[in-house]
Amino acid sequence: MSTYQLKNEELEITINSHGAELTCLRDVKSGNNYLWDAKPEYWARYSPVLFPLVGGLRGKEYTYQGAKYKMSQHGFARDMEFSLKEQTDDTIWFVLHNTEETMAVYPFPFALEIGYQLSGRALRVMWKVHNTGQTNMYFSIGAHPAFRCPIMPQTKREEYYIQFEGADELTYRLLTKDGLAQKTTNSLQTAGGIIPFDKQLFSNDALVFEHDQAQSVSLLTKEKVPYITVRFDAPVFGVWTPTCGDAPFICIEPWYGRCDAEDFSGELQDREWGNHLSEGETFEASYEIEAHKI
């Protein structure tokens, strides 16, 4: 396991080769770290990449070509060692290839590349999924970055706000106790896209938003000033903070995929919001984190 850094005049980031996971997003001048610091009493991760699953499977297994495979929530990439592919002054890329271990639970040859690029006060996170096999490949991929909330001293999480740019009303799904998407949807009313943080909103775990309802989500201070903005074009995104205790972070999660619905009964290729690649094809996607000055 190794750590790597990128730095410009505004921001400094640290990435761990284990999971190719972003572990620090720090303001060079103020020293403020916008990213959660993975204290295990709340959640011992920083910003895992979810592959080849986003969320969980009904019965903790899936079916492909008549065979059943077990896989834990969010897949295996976040717990595997990536290799450094290349690094420049402002960009770094990591790569993970299939192994005997992955083929036992996910029978597809692949190469997963994860990249980070710094530009001013923005960090672009980039993904490339290559189908290196000879059959169709089915997968999901998603982000799970956790941002400090509260971030200012002498403030409380309940004083902060969440902003969904351009959306006055949204619909979302809650999760069952088994981590599956409920069949019913719920309505979220906002004031110009802004809602106050309310931990009761997350009493059923994450909120899952589908159908491209927003392309930008921000966390705001108690003065309603944004300090972190996540921009994406993913069709699904989640917002999450742990249901128990007062965990001082909120996750904003762009997803190309989603957990199984509570009544799902299909095979891997039938999973909602999933993706597929033909032999030799490549899937590319990215999202951006802007760390505003505070």
# chains A, B, ... in the order shown; residues from 1 in each chain; ligands from 1
call {"tool": "select_by_dssp", "arguments": {"residues": "stretch 166-252 of chain A", "states": "strand (DSSP E or B)", "output": "ChimeraX atom specification"}}
result
/A:169-173,175,181,186-189,191,194-196,207-209,216-220,226-232,236-240,249-252
call {"tool": "write_last_selection", "arguments": {"atoms": "C-alpha atoms", "output": "PDB file, in the first residue's frame"}}
result
ATOM      1  CA  GLU A 169     -39.062  19.307  -5.687  1.00  0.00           C
ATOM      2  CA  LEU A 170     -37.361  15.926  -5.865  1.00  0.00           C
ATOM      3  CA  THR A 171     -38.452  12.336  -5.461  1.00  0.00           C
ATOM      4  CA  TYR A 172     -36.340   9.728  -3.721  1.00  0.00           C
ATOM      5  CA  ARG A 173     -36.383   6.138  -2.570  1.00  0.00           C
ATOM      6  CA  LEU A 175     -33.854   1.653   1.710  1.00  0.00           C
ATOM      7  CA  ALA A 181     -34.559   0.117  -2.681  1.00  0.00           C
ATOM      8  CA  ASN A 186     -41.140   9.976  -1.495  1.00  0.00           C
ATOM      9  CA  SER A 187     -41.306  13.697  -2.208  1.00  0.00           C
ATOM     10  CA  LEU A 188     -38.732  16.204  -0.987  1.00  0.00           C
ATOM     11  CA  GLN A 189     -39.804  19.837  -1.019  1.00  0.00           C
ATOM     12  CA  ALA A 191     -36.848  26.253  -0.851  1.00  0.00           C
ATOM     13  CA  ILE A 194     -32.181  24.185  -0.425  1.00  0.00           C
ATOM     14  CA  ILE A 195     -33.173  22.092   2.586  1.00  0.00           C
ATOM     15  CA  PRO A 196     -31.898  22.324   6.165  1.00  0.00           C
ATOM     16  CA  LEU A 207     -31.742   8.846   0.078  1.00  0.00           C
ATOM     17  CA  VAL A 208     -31.642   7.546  -3.506  1.00  0.00           C
ATOM     18  CA  PHE A 209     -32.485  10.009  -6.300  1.00  0.00           C
ATOM     19  CA  SER A 216     -25.034  19.532  -8.746  1.00  0.00           C
ATOM     20  CA  VAL A 217     -25.327  19.058  -4.975  1.00  0.00           C
ATOM     21  CA  SER A 218     -23.684  21.361  -2.409  1.00  0.00           C
ATOM     22  CA  LEU A 219     -23.206  21.518   1.330  1.00  0.00           C
ATOM     23  CA  LEU A 220     -23.822  24.974   2.805  1.00  0.00           C
ATOM     24  CA  PRO A 226     -21.533  26.669  -0.205  1.00  0.00           C
ATOM     25  CA  TYR A 227     -18.251  25.101   0.896  1.00  0.00           C
ATOM     26  CA  ILE A 228     -18.341  21.910  -1.176  1.00  0.00           C
ATOM     27  CA  THR A 229     -20.066  21.256  -4.508  1.00  0.00           C
ATOM     28  CA  VAL A 230     -20.239  17.937  -6.362  1.00  0.00           C
ATOM     29  CA  ARG A 231     -21.101  18.162 -10.080  1.00  0.00           C
ATOM     30  CA  PHE A 232     -21.989  15.116 -12.159  1.00  0.00           C
ATOM     31  CA  VAL A 236     -28.671   8.331 -10.040  1.00  0.00           C
ATOM     32  CA  PHE A 237     -27.169   9.832  -6.905  1.00  0.00           C
ATOM     33  CA  GLY A 238     -27.341   9.210  -3.201  1.00  0.00           C
ATOM     34  CA  VAL A 239     -27.043  11.408  -0.135  1.00  0.00           C
ATOM     35  CA  TRP A 240     -26.103   9.648   3.084  1.00  0.00           C
ATOM     36  CA  PHE A 249     -19.971  14.077   7.646  1.00  0.00           C
ATOM     37  CA  ILE A 250     -22.374  13.849   4.716  1.00  0.00           C
ATOM     38  CA  CYS A 251     -21.798  11.797   1.562  1.00  0.00           C
ATOM     39  CA  ILE A 252     -22.773  13.024  -1.910  1.00  0.00           C
TER      40      ILE A 252
END
call {"tool": "closest_atom_pairs", "arguments": {"of": "stretch 174-227 of chain A", "to": "stretch 62-77 of chain A", "cutoff": "12 Å", "atoms": "only C-alpha atoms", "output": "tab-separated table"}}
result
residue	atom	partner	partner_atom	distance
A:Asp178	CA	A:Gln73	CA	10.6
A:Gly179	CA	A:Gln73	CA	8.8
A:Leu180	CA	A:Gln73	CA	10.5
call {"tool": "residues_around", "arguments": {"residues": "stretch 124-132 of chain A", "least_positions_apart": "2", "cutoff": "9 Å", "atoms": "only C-alpha atoms", "output": "NGL selection string"}}
result
:A and (93 or 108-119 or 122 or 134-137 or 141 or 277-290)
call {"tool": "write_last_selection", "arguments": {"atoms": "C-alpha atoms", "output": "PDB file, in the first residue's frame"}}
result
ATOM      1  CA  TRP A  93      -4.110   7.381 -12.798  1.00  0.00           C
ATOM      2  CA  PHE A 108     -15.693 -10.971 -16.343  1.00  0.00           C
ATOM      3  CA  PRO A 109     -12.169  -9.949 -17.405  1.00  0.00           C
ATOM      4  CA  PHE A 110     -11.803  -6.178 -16.965  1.00  0.00           C
ATOM      5  CA  ALA A 111      -9.468  -3.267 -16.389  1.00  0.00           C
ATOM      6  CA  LEU A 112     -10.666  -0.466 -14.095  1.00  0.00           C
ATOM      7  CA  GLU A 113      -8.832   2.869 -14.249  1.00  0.00           C
ATOM      8  CA  ILE A 114      -9.371   5.609 -11.667  1.00  0.00           C
ATOM      9  CA  GLY A 115      -7.910   9.066 -12.227  1.00  0.00           C
ATOM     10  CA  TYR A 116      -7.679  12.358 -10.325  1.00  0.00           C
ATOM     11  CA  GLN A 117      -6.990  15.767 -11.877  1.00  0.00           C
ATOM     12  CA  LEU A 118      -6.486  19.031  -9.997  1.00  0.00           C
ATOM     13  CA  SER A 119      -7.379  22.384 -11.561  1.00  0.00           C
ATOM     14  CA  ALA A 122     -11.652  21.755  -8.461  1.00  0.00           C
ATOM     15  CA  GLN A 134     -14.904 -11.817 -25.180  1.00  0.00           C
ATOM     16  CA  THR A 135     -18.487 -11.587 -23.921  1.00  0.00           C
ATOM     17  CA  ASN A 136     -20.807  -8.801 -22.790  1.00  0.00           C
ATOM     18  CA  MET A 137     -19.846  -7.367 -19.396  1.00  0.00           C
ATOM     19  CA  ILE A 141     -19.863   2.046 -10.777  1.00  0.00           C
ATOM     20  CA  LEU A 277     -19.959  -3.268 -22.469  1.00  0.00           C
ATOM     21  CA  SER A 278     -19.455  -5.393 -25.530  1.00  0.00           C
ATOM     22  CA  GLU A 279     -16.124  -7.084 -26.171  1.00  0.00           C
ATOM     23  CA  GLY A 280     -13.329  -4.502 -26.308  1.00  0.00           C
ATOM     24  CA  GLU A 281     -15.545  -1.527 -25.376  1.00  0.00           C
ATOM     25  CA  THR A 282     -14.738   1.123 -22.747  1.00  0.00           C
ATOM     26  CA  PHE A 283     -17.049   3.062 -20.431  1.00  0.00           C
ATOM     27  CA  GLU A 284     -15.878   6.519 -19.317  1.00  0.00           C
ATOM     28  CA  ALA A 285     -17.393   8.852 -16.741  1.00  0.00           C
ATOM     29  CA  SER A 286     -16.294  11.540 -14.305  1.00  0.00           C
ATOM     30  CA  TYR A 287     -17.502  13.928 -11.654  1.00  0.00           C
ATOM     31  CA  GLU A 288     -16.097  17.117 -10.123  1.00  0.00           C
ATOM     32  CA  ILE A 289     -15.614  18.258  -6.542  1.00  0.00           C
ATOM     33  CA  GLU A 290     -15.210  21.999  -5.991  1.00  0.00           C
TER      34      GLU A 290
END
call {"tool": "residues_around", "arguments": {"residues": "A:Tyr4", "least_positions_apart": "3", "cutoff": "12 Å", "atoms": "only C-alpha atoms", "output": "list in words"}}
result
Met1, Lys7, Glu12, Ile13, Thr14, Ile15, Asn16, Ser17, His18, Ala20, Glu21, Leu22, Thr23, Cys24, Ser83, Leu84, Glu86, Gln87, Thr88, Asp89, Asp90, Thr91, Ile92, Trp93, Phe94 and Tyr116 of chain A
call {"tool": "write_last_selection", "arguments": {"atoms": "C-alpha atoms", "output": "mmCIF file, in the first residue's frame"}}
result
data_model
loop_
_atom_site.group_PDB
_atom_site.id
_atom_site.type_symbol
_atom_site.label_atom_id
_atom_site.label_comp_id
_atom_site.auth_asym_id
_atom_site.auth_seq_id
_atom_site.Cartn_x
_atom_site.Cartn_y
_atom_site.Cartn_z
ATOM 1 C CA MET A 1 0.000 0.000 0.000
ATOM 2 C CA LYS A 7 -0.801 19.781 -5.201
ATOM 3 C CA GLU A 12 -3.575 19.316 -2.030
ATOM 4 C CA ILE A 13 -4.947 15.796 -2.347
ATOM 5 C CA THR A 14 -3.765 12.413 -1.089
ATOM 6 C CA ILE A 15 -4.708 9.091 -2.678
ATOM 7 C CA ASN A 16 -4.152 5.640 -1.230
ATOM 8 C CA SER A 17 -3.274 2.844 -3.666
ATOM 9 C CA HIS A 18 -5.600 0.590 -1.635
ATOM 10 C CA ALA A 20 -7.301 4.080 -5.344
ATOM 11 C CA GLU A 21 -9.182 6.008 -2.646
ATOM 12 C CA LEU A 22 -9.037 9.755 -2.132
ATOM 13 C CA THR A 23 -8.145 10.268 1.541
ATOM 14 C CA CYS A 24 -7.522 14.018 1.841
ATOM 15 C CA SER A 83 -1.227 -0.117 -9.438
ATOM 16 C CA LEU A 84 0.012 3.335 -10.358
ATOM 17 C CA GLU A 86 0.937 7.285 -14.644
ATOM 18 C CA GLN A 87 1.395 10.605 -12.844
ATOM 19 C CA THR A 88 1.969 14.181 -14.019
ATOM 20 C CA ASP A 89 2.020 17.492 -12.150
ATOM 21 C CA ASP A 90 -1.773 17.716 -12.048
ATOM 22 C CA THR A 91 -3.089 14.216 -12.873
ATOM 23 C CA ILE A 92 -2.679 10.695 -11.561
ATOM 24 C CA TRP A 93 -4.110 7.381 -12.798
ATOM 25 C CA PHE A 94 -4.412 3.983 -11.118
ATOM 26 C CA TYR A 116 -7.679 12.358 -10.325
#
call {"tool": "residues_around", "arguments": {"residues": "A:Gly193", "least_positions_apart": "3", "cutoff": "7 Å", "atoms": "only C-alpha atoms", "output": "tab-separated table (two decimals) with C-alpha atoms, in the first residue's frame"}}
result
chain	number	residue	atom	x	y	z
A	163	GLN	CA	-28.58	22.39	-1.94
A	164	PHE	CA	-29.86	20.60	-5.04
A	165	GLU	CA	-29.19	22.99	-7.88
A	166	GLY	CA	-32.16	23.69	-10.13
A	167	ALA	CA	-34.59	21.43	-8.30
A	168	ASP	CA	-37.50	22.73	-6.23
A	190	THR	CA	-37.08	22.48	-1.11
call {"tool": "atom_distance", "arguments": {"atom1": "atom CA of A:His97", "atom2": "atom CA of A:Lys85"}}
result
11.8 Å
call {"tool": "residues_around", "arguments": {"residues": "A:Trp273", "least_positions_apart": "2", "cutoff": "12 Å", "atoms": "only C-alpha atoms", "output": "list in words"}}
result
Leu53, Val54, Gly55, Tyr138, Phe139, Ser140, Ile141, Gly142, Phe209, Glu210, His211, Asp212, Ala234, Pro235, Val236, Phe237, Trp255, Tyr256, Gly257, Arg258, Cys259, Asp260, Ala261, Leu268, Gln269, Asp270, Arg271, Asn275 and His276 of chain A
call {"tool": "closest_residue", "arguments": {"among": "A:Leu174, A:Glu101, A:Asp246, A:Leu57", "to": "A:Glu267", "atoms": "only C-alpha atoms"}}
result
A:Leu57
call {"tool": "select_by_dssp", "arguments": {"residues": "stretch 14-150 of chain A", "states": "helix (DSSP H, G or I)", "output": "JSON, numbers by chain"}}
result
{"A": [58, 59, 60, 77, 78, 79, 100, 101, 102, 103, 104, 105]}
call {"tool": "write_last_selection", "arguments": {"atoms": "N, CA and C atoms", "output": "PDB file, in the first residue's frame"}}
result
ATOM      1  N   ARG A  58     -30.139  -8.353  -3.625  1.00  0.00           N
ATOM      2  CA  ARG A  58     -31.203  -9.055  -2.911  1.00  0.00           C
ATOM      3  C   ARG A  58     -30.714 -10.468  -2.586  1.00  0.00           C
ATOM      4  N   GLY A  59     -30.749 -10.818  -1.304  1.00  0.00           N
ATOM      5  CA  GLY A  59     -30.233 -12.104  -0.873  1.00  0.00           C
ATOM      6  C   GLY A  59     -28.721 -12.188  -0.883  1.00  0.00           C
ATOM      7  N   LYS A  60     -28.060 -11.038  -1.092  1.00  0.00           N
ATOM      8  CA  LYS A  60     -26.587 -10.943  -1.110  1.00  0.00           C
ATOM      9  C   LYS A  60     -25.964 -11.802  -2.211  1.00  0.00           C
ATOM     10  N   ALA A  77     -13.762  -3.548  -5.536  1.00  0.00           N
ATOM     11  CA  ALA A  77     -12.651  -2.671  -5.944  1.00  0.00           C
ATOM     12  C   ALA A  77     -12.137  -1.826  -4.783  1.00  0.00           C
ATOM     13  N   ARG A  78     -13.025  -1.392  -3.910  1.00  0.00           N
ATOM     14  CA  ARG A  78     -12.618  -0.524  -2.806  1.00  0.00           C
ATOM     15  C   ARG A  78     -11.682  -1.223  -1.829  1.00  0.00           C
ATOM     16  N   ASP A  79     -11.626  -2.555  -1.872  1.00  0.00           N
ATOM     17  CA  ASP A  79     -10.797  -3.321  -0.941  1.00  0.00           C
ATOM     18  C   ASP A  79      -9.611  -3.992  -1.629  1.00  0.00           C
ATOM     19  N   GLU A 100      -7.811 -14.010 -10.203  1.00  0.00           N
ATOM     20  CA  GLU A 100      -8.535 -15.254  -9.913  1.00  0.00           C
ATOM     21  C   GLU A 100      -9.579 -15.025  -8.831  1.00  0.00           C
ATOM     22  N   GLU A 101      -9.238 -14.186  -7.863  1.00  0.00           N
ATOM     23  CA  GLU A 101     -10.168 -13.878  -6.774  1.00  0.00           C
ATOM     24  C   GLU A 101     -11.416 -13.174  -7.298  1.00  0.00           C
ATOM     25  N   THR A 102     -11.238 -12.187  -8.161  1.00  0.00           N
ATOM     26  CA  THR A 102     -12.415 -11.470  -8.678  1.00  0.00           C
ATOM     27  C   THR A 102     -13.239 -12.355  -9.610  1.00  0.00           C
ATOM     28  N   MET A 103     -12.579 -13.193 -10.407  1.00  0.00           N
ATOM     29  CA  MET A 103     -13.308 -14.047 -11.346  1.00  0.00           C
ATOM     30  C   MET A 103     -14.204 -15.049 -10.623  1.00  0.00           C
ATOM     31  N   ALA A 104     -13.850 -15.374  -9.390  1.00  0.00           N
ATOM     32  CA  ALA A 104     -14.665 -16.327  -8.633  1.00  0.00           C
ATOM     33  C   ALA A 104     -16.011 -15.731  -8.230  1.00  0.00           C
ATOM     34  N   VAL A 105     -16.075 -14.396  -8.103  1.00  0.00           N
ATOM     35  CA  VAL A 105     -17.323 -13.745  -7.694  1.00  0.00           C
ATOM     36  C   VAL A 105     -17.912 -12.879  -8.799  1.00  0.00           C
TER      37      VAL A 105
END
call {"tool": "closest_residue", "arguments": {"among": "A:Arg157, A:Thr99, A:Gly274, A:Glu10", "to": "A:Asn32", "atoms": "only C-alpha atoms"}}
result
A:Glu10
call {"tool": "closest_residue", "arguments": {"among": "A:Arg121, A:Lys199, A:Lys183, A:Lys293", "to": "A:Ile162", "atoms": "only C-alpha atoms"}}
result
A:Lys199
call {"tool": "closest_residue", "arguments": {"among": "A:Asp37, A:Asp198, A:Glu61, A:Asp233", "to": "A:Phe264", "atoms": "only C-alpha atoms"}}
result
A:Glu61
call {"tool": "decode", "arguments": {"residues": "stretch 110-140 of chain A", "atoms": "N, CA and C atoms", "output": "PDB file, in the first residue's frame"}}
result
ATOM      1  N   PHE A 110     -11.617  -7.626 -16.889  1.00  0.00           N
ATOM      2  CA  PHE A 110     -11.803  -6.178 -16.965  1.00  0.00           C
ATOM      3  C   PHE A 110     -10.507  -5.457 -16.597  1.00  0.00           C
ATOM      4  N   ALA A 111     -10.471  -4.183 -16.921  1.00  0.00           N
ATOM      5  CA  ALA A 111      -9.468  -3.267 -16.389  1.00  0.00           C
ATOM      6  C   ALA A 111     -10.222  -2.028 -15.925  1.00  0.00           C
ATOM      7  N   LEU A 112     -10.029  -1.644 -14.673  1.00  0.00           N
ATOM      8  CA  LEU A 112     -10.666  -0.466 -14.095  1.00  0.00           C
ATOM      9  C   LEU A 112      -9.596   0.588 -13.840  1.00  0.00           C
ATOM     10  N   GLU A 113      -9.751   1.754 -14.461  1.00  0.00           N
ATOM     11  CA  GLU A 113      -8.832   2.869 -14.249  1.00  0.00           C
ATOM     12  C   GLU A 113      -9.543   3.966 -13.464  1.00  0.00           C
ATOM     13  N   ILE A 114      -8.856   4.501 -12.472  1.00  0.00           N
ATOM     14  CA  ILE A 114      -9.371   5.609 -11.667  1.00  0.00           C
ATOM     15  C   ILE A 114      -8.349   6.736 -11.713  1.00  0.00           C
ATOM     16  N   GLY A 115      -8.806   7.930 -12.094  1.00  0.00           N
ATOM     17  CA  GLY A 115      -7.910   9.066 -12.227  1.00  0.00           C
ATOM     18  C   GLY A 115      -8.371  10.263 -11.422  1.00  0.00           C
ATOM     19  N   TYR A 116      -7.403  11.119 -11.053  1.00  0.00           N
ATOM     20  CA  TYR A 116      -7.679  12.358 -10.325  1.00  0.00           C
ATOM     21  C   TYR A 116      -6.921  13.487 -11.007  1.00  0.00           C
ATOM     22  N   GLN A 117      -7.610  14.621 -11.214  1.00  0.00           N
ATOM     23  CA  GLN A 117      -6.990  15.767 -11.877  1.00  0.00           C
ATOM     24  C   GLN A 117      -7.334  17.043 -11.120  1.00  0.00           C
ATOM     25  N   LEU A 118      -6.305  17.774 -10.717  1.00  0.00           N
ATOM     26  CA  LEU A 118      -6.486  19.031  -9.997  1.00  0.00           C
ATOM     27  C   LEU A 118      -6.434  20.206 -10.958  1.00  0.00           C
ATOM     28  N   SER A 119      -7.375  21.149 -10.792  1.00  0.00           N
ATOM     29  CA  SER A 119      -7.379  22.384 -11.561  1.00  0.00           C
ATOM     30  C   SER A 119      -7.964  23.485 -10.701  1.00  0.00           C
ATOM     31  N   GLY A 120      -7.124  24.394 -10.229  1.00  0.00           N
ATOM     32  CA  GLY A 120      -7.603  25.438  -9.332  1.00  0.00           C
ATOM     33  C   GLY A 120      -8.170  24.838  -8.061  1.00  0.00           C
ATOM     34  N   ARG A 121      -9.421  25.162  -7.775  1.00  0.00           N
ATOM     35  CA  ARG A 121     -10.068  24.640  -6.573  1.00  0.00           C
ATOM     36  C   ARG A 121     -10.995  23.470  -6.891  1.00  0.00           C
ATOM     37  N   ALA A 122     -10.801  22.872  -8.045  1.00  0.00           N
ATOM     38  CA  ALA A 122     -11.652  21.755  -8.461  1.00  0.00           C
ATOM     39  C   ALA A 122     -10.822  20.484  -8.624  1.00  0.00           C
ATOM     40  N   LEU A 123     -11.418  19.377  -8.243  1.00  0.00           N
ATOM     41  CA  LEU A 123     -10.839  18.053  -8.427  1.00  0.00           C
ATOM     42  C   LEU A 123     -11.781  17.242  -9.304  1.00  0.00           C
ATOM     43  N   ARG A 124     -11.262  16.772 -10.439  1.00  0.00           N
ATOM     44  CA  ARG A 124     -12.054  15.880 -11.296  1.00  0.00           C
ATOM     45  C   ARG A 124     -11.653  14.445 -11.010  1.00  0.00           C
ATOM     46  N   VAL A 125     -12.666  13.618 -10.734  1.00  0.00           N
ATOM     47  CA  VAL A 125     -12.467  12.187 -10.510  1.00  0.00           C
ATOM     48  C   VAL A 125     -12.953  11.464 -11.756  1.00  0.00           C
ATOM     49  N   MET A 126     -12.091  10.631 -12.337  1.00  0.00           N
ATOM     50  CA  MET A 126     -12.358  10.035 -13.644  1.00  0.00           C
ATOM     51  C   MET A 126     -12.317   8.507 -13.556  1.00  0.00           C
ATOM     52  N   TRP A 127     -13.214   7.868 -14.314  1.00  0.00           N
ATOM     53  CA  TRP A 127     -13.272   6.405 -14.347  1.00  0.00           C
ATOM     54  C   TRP A 127     -13.237   5.918 -15.788  1.00  0.00           C
ATOM     55  N   LYS A 128     -12.517   4.838 -16.001  1.00  0.00           N
ATOM     56  CA  LYS A 128     -12.568   4.105 -17.263  1.00  0.00           C
ATOM     57  C   LYS A 128     -12.729   2.623 -16.933  1.00  0.00           C
ATOM     58  N   VAL A 129     -13.748   2.007 -17.513  1.00  0.00           N
ATOM     59  CA  VAL A 129     -13.977   0.572 -17.341  1.00  0.00           C
ATOM     60  C   VAL A 129     -13.785  -0.076 -18.703  1.00  0.00           C
ATOM     61  N   HIS A 130     -12.834  -0.987 -18.821  1.00  0.00           N
ATOM     62  CA  HIS A 130     -12.541  -1.676 -20.072  1.00  0.00           C
ATOM     63  C   HIS A 130     -13.021  -3.125 -19.983  1.00  0.00           C
ATOM     64  N   ASN A 131     -13.752  -3.550 -20.984  1.00  0.00           N
ATOM     65  CA  ASN A 131     -14.111  -4.963 -21.101  1.00  0.00           C
ATOM     66  C   ASN A 131     -12.986  -5.655 -21.867  1.00  0.00           C
ATOM     67  N   THR A 132     -12.167  -6.407 -21.164  1.00  0.00           N
ATOM     68  CA  THR A 132     -11.048  -7.101 -21.798  1.00  0.00           C
ATOM     69  C   THR A 132     -11.388  -8.552 -22.131  1.00  0.00           C
ATOM     70  N   GLY A 133     -12.649  -8.919 -21.941  1.00  0.00           N
ATOM     71  CA  GLY A 133     -13.086 -10.274 -22.232  1.00  0.00           C
ATOM     72  C   GLY A 133     -13.712 -10.390 -23.608  1.00  0.00           C
ATOM     73  N   GLN A 134     -14.335 -11.519 -23.865  1.00  0.00           N
ATOM     74  CA  GLN A 134     -14.904 -11.817 -25.180  1.00  0.00           C
ATOM     75  C   GLN A 134     -16.422 -11.943 -25.150  1.00  0.00           C
ATOM     76  N   THR A 135     -17.030 -11.570 -24.034  1.00  0.00           N
ATOM     77  CA  THR A 135     -18.487 -11.587 -23.921  1.00  0.00           C
ATOM     78  C   THR A 135     -18.951 -10.249 -23.369  1.00  0.00           C
ATOM     79  N   ASN A 136     -20.261 -10.011 -23.397  1.00  0.00           N
ATOM     80  CA  ASN A 136     -20.807  -8.801 -22.790  1.00  0.00           C
ATOM     81  C   ASN A 136     -20.470  -8.761 -21.298  1.00  0.00           C
ATOM     82  N   MET A 137     -20.209  -7.576 -20.803  1.00  0.00           N
ATOM     83  CA  MET A 137     -19.846  -7.367 -19.396  1.00  0.00           C
ATOM     84  C   MET A 137     -20.891  -6.444 -18.772  1.00  0.00           C
ATOM     85  N   TYR A 138     -21.362  -6.802 -17.585  1.00  0.00           N
ATOM     86  CA  TYR A 138     -22.395  -6.038 -16.891  1.00  0.00           C
ATOM     87  C   TYR A 138     -21.834  -5.526 -15.566  1.00  0.00           C
ATOM     88  N   PHE A 139     -22.058  -4.243 -15.278  1.00  0.00           N
ATOM     89  CA  PHE A 139     -21.437  -3.659 -14.093  1.00  0.00           C
ATOM     90  C   PHE A 139     -22.176  -2.390 -13.680  1.00  0.00           C
ATOM     91  N   SER A 140     -21.895  -1.963 -12.475  1.00  0.00           N
ATOM     92  CA  SER A 140     -22.251  -0.638 -11.977  1.00  0.00           C
ATOM     93  C   SER A 140     -20.993   0.004 -11.426  1.00  0.00           C
TER      94      SER A 140
END
